[in-house]
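Enquirer: coords.pdb is reproduced below (PDB, C-alpha atoms).
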```pdb
ATOM      1  CA  MET A   1      75.447 284.933   4.031
ATOM      2  CA  PHE A   2      75.997 287.597   1.361
ATOM      3  CA  TYR A   3      75.893 284.957  -1.379
ATOM      4  CA  MET A   4      72.648 283.353  -0.184
ATOM      5  CA  THR A   5      70.974 286.745   0.331
ATOM      6  CA  ALA A   6      71.917 287.843  -3.177
ATOM      7  CA  LYS A   7      70.851 284.475  -4.611
ATOM      8  CA  THR A   8      67.419 284.432  -2.915
ATOM      9  CA  GLY A   9      66.786 288.184  -2.896
ATOM     10  CA  SER A  10      65.585 287.902   0.676
ATOM     11  CA  ILE A  11      67.214 288.072   4.086
ATOM     12  CA  SER A  12      64.556 285.797   5.567
ATOM     13  CA  LYS A  13      65.017 283.165   2.835
ATOM     14  CA  ALA A  14      68.790 283.345   3.234
ATOM     15  CA  ALA A  15      68.413 282.808   6.983
ATOM     16  CA  LYS A  16      66.192 279.796   6.334
ATOM     17  CA  GLU A  17      68.703 278.290   3.862
ATOM     18  CA  LEU A  18      71.538 278.810   6.329
ATOM     19  CA  PHE A  19      69.600 277.606   9.387
ATOM     20  CA  THR A  20      70.171 280.865  11.233
ATOM     21  CA  SER A  21      68.179 283.964  12.227
ATOM     22  CA  GLN A  22      67.311 287.035  10.157
ATOM     23  CA  PRO A  23      69.103 289.405  12.575
ATOM     24  CA  ALA A  24      72.278 287.305  12.233
ATOM     25  CA  VAL A  25      72.167 287.611   8.446
ATOM     26  CA  SER A  26      71.397 291.338   8.572
ATOM     27  CA  GLN A  27      74.231 291.961  11.026
ATOM     28  CA  SER A  28      76.736 289.982   8.914
ATOM     29  CA  ILE A  29      75.825 291.923   5.763
ATOM     30  CA  LYS A  30      76.089 295.211   7.646
ATOM     31  CA  LEU A  31      79.563 294.278   8.910
ATOM     32  CA  LEU A  32      80.602 293.266   5.394
ATOM     33  CA  GLU A  33      79.395 296.596   3.988
ATOM     34  CA  GLN A  34      81.350 298.457   6.670
ATOM     35  CA  LYS A  35      84.480 296.498   5.834
ATOM     36  CA  LEU A  36      84.069 297.102   2.102
ATOM     37  CA  GLY A  37      83.110 300.734   2.573
ATOM     38  CA  GLY A  38      79.978 300.647   0.429
ATOM     39  CA  GLN A  39      76.385 299.442   0.169
ATOM     40  CA  LEU A  40      75.666 295.979  -1.232
ATOM     41  CA  PHE A  41      71.858 295.809  -1.064
ATOM     42  CA  PHE A  42      68.866 298.106  -1.102
ATOM     43  CA  ARG A  43      65.409 297.152   0.132
ATOM     44  CA  THR A  44      62.479 296.510  -2.224
ATOM     45  CA  SER A  45      58.853 295.529  -1.738
ATOM     46  CA  ARG A  46      59.796 291.924  -2.335
ATOM     47  CA  GLY A  47      62.965 291.809  -0.243
ATOM     48  CA  VAL A  48      66.398 293.115  -1.180
ATOM     49  CA  SER A  49      68.245 293.750  -4.446
ATOM     50  CA  LEU A  50      71.905 294.242  -5.231
ATOM     51  CA  THR A  51      73.316 297.667  -5.851
ATOM     52  CA  ALA A  52      75.437 298.219  -8.964
ATOM     53  CA  GLU A  53      78.566 297.662  -6.860
ATOM     54  CA  GLY A  54      76.885 294.679  -5.223
ATOM     55  CA  GLU A  55      76.212 293.131  -8.644
ATOM     56  CA  ILE A  56      79.902 293.273  -9.577
ATOM     57  CA  PHE A  57      80.904 291.962  -6.145
ATOM     58  CA  PHE A  58      78.419 289.083  -6.479
ATOM     59  CA  ARG A  59      79.818 287.949  -9.864
ATOM     60  CA  TYR A  60      83.216 287.305  -8.304
ATOM     61  CA  ILE A  61      81.843 285.890  -5.054
ATOM     62  CA  GLU A  62      79.650 283.473  -7.054
ATOM     63  CA  GLN A  63      82.718 282.072  -8.836
ATOM     64  CA  GLY A  64      84.522 281.675  -5.539
ATOM     65  CA  TYR A  65      81.509 280.028  -3.913
ATOM     66  CA  GLN A  66      81.222 277.519  -6.756
ATOM     67  CA  LEU A  67      84.931 276.714  -6.398
ATOM     68  CA  ILE A  68      84.431 276.148  -2.670
ATOM     69  CA  GLN A  69      81.518 273.803  -3.401
ATOM     70  CA  THR A  70      83.648 271.949  -5.948
ATOM     71  CA  ALA A  71      86.484 271.695  -3.421
ATOM     72  CA  GLU A  72      84.134 270.256  -0.795
ATOM     73  CA  HIS A  73      82.744 267.802  -3.339
ATOM     74  CA  LYS A  74      86.223 266.670  -4.384
ATOM     75  CA  PHE A  75      87.255 266.374  -0.748
ATOM     76  CA  GLN A  76      84.293 264.086  -0.051
ATOM     77  CA  GLU A  77      85.078 262.049  -3.169
ATOM     78  CA  MET A  78      88.600 261.472  -1.893
ATOM     79  CA  LEU A  79      87.351 260.480   1.555
ATOM     80  CA  GLN A  80      84.991 257.988  -0.081
ATOM     81  CA  LEU A  81      87.753 256.734  -2.430
ATOM     82  CA  MET A  82      85.872 257.986  -5.495
ATOM     83  CA  ALA A  83      88.852 260.125  -6.518
ATOM     84  CA  GLY A  84      92.503 260.668  -5.610
ATOM     85  CA  GLN A  85      95.920 259.254  -6.345
ATOM     86  CA  ILE A  86      98.694 257.229  -4.739
ATOM     87  CA  ARG A  87     102.356 257.755  -5.628
ATOM     88  CA  ILE A  88     104.451 254.681  -4.868
ATOM     89  CA  GLY A  89     108.169 254.068  -5.170
ATOM     90  CA  ALA A  90     109.407 250.489  -5.574
ATOM     91  CA  GLY A  91     112.265 248.606  -7.206
ATOM     92  CA  ASP A  92     111.782 246.512 -10.342
ATOM     93  CA  THR A  93     111.899 243.196  -8.499
ATOM     94  CA  LEU A  94     109.534 244.189  -5.696
ATOM     95  CA  SER A  95     107.158 245.815  -8.193
ATOM     96  CA  LYS A  96     106.814 242.580 -10.147
ATOM     97  CA  TYR A  97     107.019 239.883  -7.491
ATOM     98  CA  TYR A  98     105.550 241.613  -4.424
ATOM     99  CA  LEU A  99     103.649 244.815  -5.243
ATOM    100  CA  LEU A 100     101.798 243.835  -8.426
ATOM    101  CA  PRO A 101      99.145 241.544  -6.835
ATOM    102  CA  TYR A 102      98.280 244.255  -4.295
ATOM    103  CA  LEU A 103      98.012 246.877  -7.041
ATOM    104  CA  GLY A 104      95.628 244.635  -8.975
ATOM    105  CA  GLN A 105      93.492 243.999  -5.919
ATOM    106  CA  PHE A 106      93.356 247.682  -4.974
ATOM    107  CA  ASN A 107      92.531 248.774  -8.518
ATOM    108  CA  LYS A 108      89.706 246.253  -8.691
ATOM    109  CA  CYS A 109      88.136 247.661  -5.508
ATOM    110  CA  HIS A 110      88.888 251.345  -6.208
ATOM    111  CA  PRO A 111      89.213 251.877  -9.974
ATOM    112  CA  GLN A 112      88.783 255.655  -9.631
ATOM    113  CA  ILE A 113      92.062 256.021  -7.728
ATOM    114  CA  HIS A 114      95.038 256.832  -9.958
ATOM    115  CA  ILE A 115      98.159 254.863  -9.038
ATOM    116  CA  HIS A 116     101.614 256.080 -10.063
ATOM    117  CA  VAL A 117     104.558 253.705  -9.539
ATOM    118  CA  THR A 118     108.150 254.911  -9.805
ATOM    119  CA  ASN A 119     110.876 252.285 -10.165
ATOM    120  CA  GLN A 120     114.042 253.230  -8.264
ATOM    121  CA  THR A 121     116.612 251.690  -5.925
ATOM    122  CA  THR A 122     115.989 251.614  -2.179
ATOM    123  CA  PHE A 123     118.220 254.625  -1.592
ATOM    124  CA  GLU A 124     116.599 256.619  -4.402
ATOM    125  CA  ILE A 125     113.140 255.770  -3.059
ATOM    126  CA  LEU A 126     114.101 257.195   0.337
ATOM    127  CA  ASP A 127     115.301 260.398  -1.357
ATOM    128  CA  PHE A 128     112.057 260.633  -3.367
ATOM    129  CA  LEU A 129     110.039 260.154  -0.178
ATOM    130  CA  LYS A 130     111.857 262.913   1.690
ATOM    131  CA  ALA A 131     111.489 265.240  -1.309
ATOM    132  CA  GLY A 132     107.709 264.680  -1.353
ATOM    133  CA  ARG A 133     107.761 263.067  -4.800
ATOM    134  CA  ILE A 134     106.090 259.853  -3.570
ATOM    135  CA  ASP A 135     103.628 259.074  -0.779
ATOM    136  CA  LEU A 136     105.123 255.742   0.231
ATOM    137  CA  GLY A 137     107.895 253.371  -0.732
ATOM    138  CA  ILE A 138     108.356 249.608  -0.899
ATOM    139  CA  ILE A 139     111.985 248.782  -0.151
ATOM    140  CA  ASN A 140     114.383 246.035   0.831
ATOM    141  CA  LEU A 141     115.405 246.109   4.472
ATOM    142  CA  PRO A 142     117.517 246.679   6.463
ATOM    143  CA  ILE A 143     118.398 250.347   6.039
ATOM    144  CA  GLU A 144     120.370 252.821   8.120
ATOM    145  CA  PRO A 145     118.453 254.412  11.042
ATOM    146  CA  ASP A 146     116.540 257.571  10.062
ATOM    147  CA  ASN A 147     114.254 259.484  12.422
ATOM    148  CA  THR A 148     112.367 261.158   9.552
ATOM    149  CA  ILE A 149     110.753 257.972   8.273
ATOM    150  CA  GLU A 150     108.522 255.243   9.638
ATOM    151  CA  ILE A 151     109.151 251.647   8.586
ATOM    152  CA  THR A 152     106.644 248.804   8.518
ATOM    153  CA  GLU A 153     108.011 245.313   7.918
ATOM    154  CA  THR A 154     105.458 243.601   5.686
ATOM    155  CA  GLN A 155     107.069 240.303   4.675
ATOM    156  CA  GLN A 156     110.216 238.299   5.375
ATOM    157  CA  ILE A 157     112.181 237.029   2.392
ATOM    158  CA  GLN A 158     115.025 234.552   1.970
ATOM    159  CA  ASP A 159     117.891 234.984  -0.479
ATOM    160  CA  CYS A 160     119.483 231.889  -1.971
ATOM    161  CA  PHE A 161     121.946 230.748  -4.620
ATOM    162  CA  VAL A 162     120.537 228.939  -7.639
ATOM    163  CA  ALA A 163     121.936 227.199 -10.681
ATOM    164  CA  GLY A 164     120.619 225.797 -13.938
ATOM    165  CA  PRO A 165     120.940 222.182 -15.164
ATOM    166  CA  LYS A 166     124.648 222.698 -15.977
ATOM    167  CA  PHE A 167     125.475 222.959 -12.252
ATOM    168  CA  LYS A 168     122.649 220.840 -10.847
ATOM    169  CA  HIS A 169     125.155 218.550  -9.138
ATOM    170  CA  LEU A 170     125.553 221.353  -6.570
ATOM    171  CA  ARG A 171     122.015 220.705  -5.317
ATOM    172  CA  ILE A 172     123.257 217.675  -3.359
ATOM    173  CA  GLY A 173     124.387 218.427   0.181
ATOM    174  CA  GLU A 174     125.793 221.764   1.261
ATOM    175  CA  ILE A 175     128.840 223.705   0.142
ATOM    176  CA  SER A 176     130.791 226.450   1.850
ATOM    177  CA  LEU A 177     130.949 230.020   0.638
ATOM    178  CA  GLN A 178     134.651 229.484  -0.023
ATOM    179  CA  GLU A 179     133.824 226.552  -2.324
ATOM    180  CA  LEU A 180     131.176 228.646  -4.082
ATOM    181  CA  THR A 181     133.810 231.179  -5.128
ATOM    182  CA  LYS A 182     135.261 228.565  -7.505
ATOM    183  CA  TYR A 183     132.192 229.031  -9.711
ATOM    184  CA  PRO A 184     131.115 232.119 -11.709
ATOM    185  CA  ILE A 185     128.923 234.197  -9.388
ATOM    186  CA  MET A 186     126.091 236.386 -10.714
ATOM    187  CA  VAL A 187     124.524 239.116  -8.574
ATOM    188  CA  LEU A 188     122.624 242.383  -8.867
ATOM    189  CA  GLU A 189     124.668 245.409  -9.846
ATOM    190  CA  LYS A 190     125.920 247.899  -7.255
ATOM    191  CA  GLY A 191     123.779 250.782  -6.029
ATOM    192  CA  GLY A 192     120.912 248.852  -4.462
ATOM    193  CA  ASN A 193     120.232 247.605  -0.965
ATOM    194  CA  SER A 194     120.105 243.955  -2.076
ATOM    195  CA  ARG A 195     123.662 244.134  -3.383
ATOM    196  CA  ALA A 196     124.865 245.889  -0.228
ATOM    197  CA  PHE A 197     123.216 243.185   1.897
ATOM    198  CA  LEU A 198     124.955 240.424  -0.059
ATOM    199  CA  GLU A 199     128.348 242.115   0.223
ATOM    200  CA  LYS A 200     127.924 242.313   4.004
ATOM    201  CA  TYR A 201     127.120 238.596   4.086
ATOM    202  CA  TRP A 202     130.241 237.869   2.042
ATOM    203  CA  ASN A 203     132.428 240.098   4.232
ATOM    204  CA  ALA A 204     131.049 238.530   7.417
ATOM    205  CA  HIS A 205     132.713 235.281   6.350
ATOM    206  CA  GLY A 206     136.073 236.873   5.578
ATOM    207  CA  LEU A 207     135.560 237.008   1.812
ATOM    208  CA  VAL A 208     135.234 239.727  -0.804
ATOM    209  CA  LEU A 209     132.441 239.435  -3.349
ATOM    210  CA  GLN A 210     133.921 239.318  -6.848
ATOM    211  CA  PRO A 211     131.089 238.447  -9.238
ATOM    212  CA  GLU A 212     131.479 237.289 -12.803
ATOM    213  CA  PHE A 213     128.271 239.053 -13.853
ATOM    214  CA  GLU A 214     126.570 242.130 -12.355
ATOM    215  CA  LEU A 215     123.042 242.424 -13.724
ATOM    216  CA  GLY A 216     120.245 244.958 -13.391
ATOM    217  CA  THR A 217     117.259 242.762 -12.515
ATOM    218  CA  ILE A 218     116.427 239.480 -10.829
ATOM    219  CA  ASP A 219     114.830 238.315 -14.086
ATOM    220  CA  LEU A 220     118.207 238.535 -15.818
ATOM    221  CA  LEU A 221     119.837 236.623 -12.962
ATOM    222  CA  ILE A 222     117.222 233.891 -13.384
ATOM    223  CA  HIS A 223     117.698 233.670 -17.157
ATOM    224  CA  PHE A 224     121.497 233.707 -16.930
ATOM    225  CA  ALA A 225     121.384 230.885 -14.362
ATOM    226  CA  LYS A 226     119.041 228.837 -16.552
ATOM    227  CA  THR A 227     121.457 229.288 -19.442
ATOM    228  CA  GLY A 228     124.286 227.851 -17.344
ATOM    229  CA  LEU A 229     126.443 230.966 -17.157
ATOM    230  CA  GLY A 230     126.947 230.683 -13.425
ATOM    231  CA  ILE A 231     125.397 230.690  -9.947
ATOM    232  CA  SER A 232     122.883 233.483  -9.270
ATOM    233  CA  CYS A 233     121.845 234.988  -5.963
ATOM    234  CA  VAL A 234     118.075 235.601  -6.029
ATOM    235  CA  VAL A 235     115.128 235.772  -3.636
ATOM    236  CA  LYS A 236     113.859 232.232  -3.055
ATOM    237  CA  ASP A 237     110.305 233.467  -2.397
ATOM    238  CA  PHE A 238     110.103 234.765  -5.984
ATOM    239  CA  ILE A 239     111.293 231.645  -7.857
ATOM    240  CA  GLY A 240     109.045 228.920  -6.484
ATOM    241  CA  GLU A 241     107.818 227.917  -9.939
ATOM    242  CA  GLU A 242     111.329 227.604 -11.404
ATOM    243  CA  LEU A 243     112.484 225.472  -8.470
ATOM    244  CA  GLN A 244     109.426 223.251  -8.692
ATOM    245  CA  ASN A 245     109.671 222.535 -12.405
ATOM    246  CA  GLY A 246     113.427 221.935 -12.315
ATOM    247  CA  GLU A 247     114.510 224.943 -14.340
ATOM    248  CA  LEU A 248     116.606 226.037 -11.359
ATOM    249  CA  TYR A 249     118.225 224.187  -8.461
ATOM    250  CA  GLU A 250     119.000 225.654  -5.051
ATOM    251  CA  VAL A 251     122.621 225.549  -3.958
ATOM    252  CA  LYS A 252     122.425 225.052  -0.198
ATOM    253  CA  MET A 253     125.055 226.784   1.891
ATOM    254  CA  LYS A 254     126.871 225.741   5.025
ATOM    255  CA  GLU A 255     126.732 229.423   5.971
ATOM    256  CA  PRO A 256     123.033 230.288   5.464
ATOM    257  CA  ILE A 257     122.195 233.739   4.160
ATOM    258  CA  PRO A 258     120.283 235.634   6.897
ATOM    259  CA  LYS A 259     116.657 236.397   6.249
ATOM    260  CA  ARG A 260     115.672 239.984   5.537
ATOM    261  CA  SER A 261     112.403 241.851   5.080
ATOM    262  CA  ILE A 262     110.397 243.907   2.649
ATOM    263  CA  GLY A 263     109.539 247.253   4.185
ATOM    264  CA  LEU A 264     106.867 249.884   3.687
ATOM    265  CA  VAL A 265     108.229 253.383   4.343
ATOM    266  CA  VAL A 266     106.381 256.682   4.821
ATOM    267  CA  LEU A 267     107.407 260.061   6.161
ATOM    268  CA  ARG A 268     107.132 260.266   9.918
ATOM    269  CA  ASP A 269     104.410 262.640  11.237
ATOM    270  CA  VAL A 270     103.135 263.424   7.712
ATOM    271  CA  PRO A 271      99.508 262.283   7.237
ATOM    272  CA  LEU A 272      98.670 260.116   4.243
ATOM    273  CA  SER A 273      95.697 260.663   1.957
ATOM    274  CA  THR A 274      92.647 258.453   2.438
ATOM    275  CA  ALA A 275      93.586 256.438  -0.653
ATOM    276  CA  ALA A 276      97.174 255.939   0.518
ATOM    277  CA  ARG A 277      96.005 254.894   3.996
ATOM    278  CA  GLN A 278      93.651 252.361   2.435
ATOM    279  CA  PHE A 279      96.482 250.915   0.358
ATOM    280  CA  VAL A 280      98.727 250.680   3.426
ATOM    281  CA  THR A 281      95.924 248.815   5.209
ATOM    282  CA  LEU A 282      95.792 246.376   2.289
ATOM    283  CA  LEU A 283      99.553 245.763   2.493
ATOM    284  CA  THR A 284      99.575 245.268   6.259
ATOM    285  CA  GLY A 285      96.110 243.794   6.687
ATOM    286  CA  ASP A 286      97.312 240.408   7.904
ATOM    287  CA  GLY A 287      98.097 241.915  11.297
ATOM    288  CA  LYS A 288     101.615 240.461  11.246
ATOM    289  CA  ALA A 289     103.503 243.610  10.278
ATOM    290  CA  SER A 290     105.608 245.384  12.856
ATOM    291  CA  VAL A 291     106.241 249.122  12.926
ATOM    292  CA  LYS A 292     109.585 250.713  13.633
ATOM    293  CA  ASN A 293     110.557 254.372  13.761
ATOM    294  CA  GLY A 294     113.967 254.022  12.151
ATOM    295  CA  ARG A 295     115.875 254.791  15.345
TER     296      ARG A 295
END
```
Show me, as structure tokens, the structure contained in the file I just sent.
Expert:
Amino acid sequence: MFYMTAKTGSISKAAKELFTSQPAVSQSIKLLEQKLGGQLFFRTSRGVSLTAEGEIFFRYIEQGYQLIQTAEHKFQEMLQLMAGQIRIGAGDTLSKYYLLPYLGQFNKCHPQIHIHVTNQTTFEILDFLKAGRIDLGIINLPIEPDNTIEITETQQIQDCFVAGPKFKHLRIGEISLQELTKYPIMVLEKGGNSRAFLEKYWNAHGLVLQPEFELGTIDLLIHFAKTGLGISCVVKDFIGEELQNGELYEVKMKEPIPKRSIGLVVLRDVPLSTAARQFVTLLTGDGKASVKNGR
């Protein structure tokens, strides 16, 4: 009310701008003057003018008012997806084979939203999420129960063993895990959830995983298998083209590897920004995702 009165030079005009009454404006200014301990306006034939102290006070209030207007404008921009950012954590493999198409689609619809993707392991992503360094994470499930996060299963995936032309004879029939150990095994290096999942599968059949090669990415596992260096464990959903054109052959197991899921994780009871919520809707928009609380 002070700002609009000073700007218009009239209590009646200020009241009209603010859709209120003149007595309400006059009373508010009087209360403000009492709180400040000095006079802000004096009456003139045309309305009111600022005192010397009021002029100085107005200069600072004007800056603050403009900042408030800017804040409101930015807030509305974010609600309308005209501004904002999303911070996402995802592993290398999931970034390339799962997340990338969604990022492209979202960017096409909302080019003003800045997207930051951090590549880390599942366990590092969970730490980043809890530290507030990312808004959401895309991880390999399962993970240990955690009441501080909310998990949404977005897609099931199937791991499999594959070989290049050198070992293509293994594509016929099924072999046991014990028989597979006679060949050089290539898996992801330790530290990630995918490796931990595979070790559990190995242990469940009374064996200890002793790989010949431990590599950093699924792309390396694919290339090493094509070269004939051994049998790689990869996600079948991500190598459809290689299987179809005969660059890789699936080694079918008598003891099938259990299916697992890709998960979307966010902090429990912490609201997401409008942009982040929209991206989550894109990821889970097929209506097939299930939500779990980590307990």
Enquirer: Quote the spacing between atom CA of Glu241 of chain A and atom CA of Arg171 of chain A in Å to one decimal place.
Expert: 16.6 Å
Enquirer: Do you have the atom CA of Ile113 of chain A-atom CA of Asn140 of chain A distance handy?
Expert: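 If I compute the distance from atom CA of Ile113 of chain A to atom CA of Asn140 of chain A, I get 25.9 Å.
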Enquirer: Quick one: residues within 12 Å of Glu77 of chain A, only C-alpha atoms, excluding same-chain residues fewer than 5 positions away - as a VMD selection string?
Expert: chain A and resid 70 to 72 82 to 85 110 112 to 113 273 to 275
Enquirer: Export, as a PDB file, in the coordinates of the input, the selected residues with C-alpha atoms.
Expert:
```
ATOM      1  CA  THR A  70      83.648 271.949  -5.948  1.00  0.00           C
ATOM      2  CA  ALA A  71      86.484 271.695  -3.421  1.00  0.00           C
ATOM      3  CA  GLU A  72      84.134 270.256  -0.795  1.00  0.00           C
ATOM      4  CA  MET A  82      85.872 257.986  -5.495  1.00  0.00           C
ATOM      5  CA  ALA A  83      88.852 260.125  -6.518  1.00  0.00           C
ATOM      6  CA  GLY A  84      92.503 260.668  -5.610  1.00  0.00           C
ATOM      7  CA  GLN A  85      95.920 259.254  -6.345  1.00  0.00           C
ATOM      8  CA  HIS A 110      88.888 251.345  -6.208  1.00  0.00           C
ATOM      9  CA  GLN A 112      88.783 255.655  -9.631  1.00  0.00           C
ATOM     10  CA  ILE A 113      92.062 256.021  -7.728  1.00  0.00           C
ATOM     11  CA  SER A 273      95.697 260.663   1.957  1.00  0.00           C
ATOM     12  CA  THR A 274      92.647 258.453   2.438  1.00  0.00           C
ATOM     13  CA  ALA A 275      93.586 256.438  -0.653  1.00  0.00           C
TER      14      ALA A 275
END
```
Enquirer: Under the PyMOL selection byres ((chain A and resi 279) around 10), which residues of this model are included? Write them out as a PyMOL selection string.
Expert: chain A and resi 86+102-103+105-107+136+273-278+280-285
Enquirer: What lies within 12 Å of Glu17 of chain A using only C-alpha atoms, ignoring chain neighbours under 4 positions off, as a list in words?
Expert: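 My reading of the contact set: Met1, Tyr3, Met4, Thr5, Lys7, Thr8, Ser10, Ile11, Ser12, Lys13, Ser21, Gln22 and Val25 of chain A.
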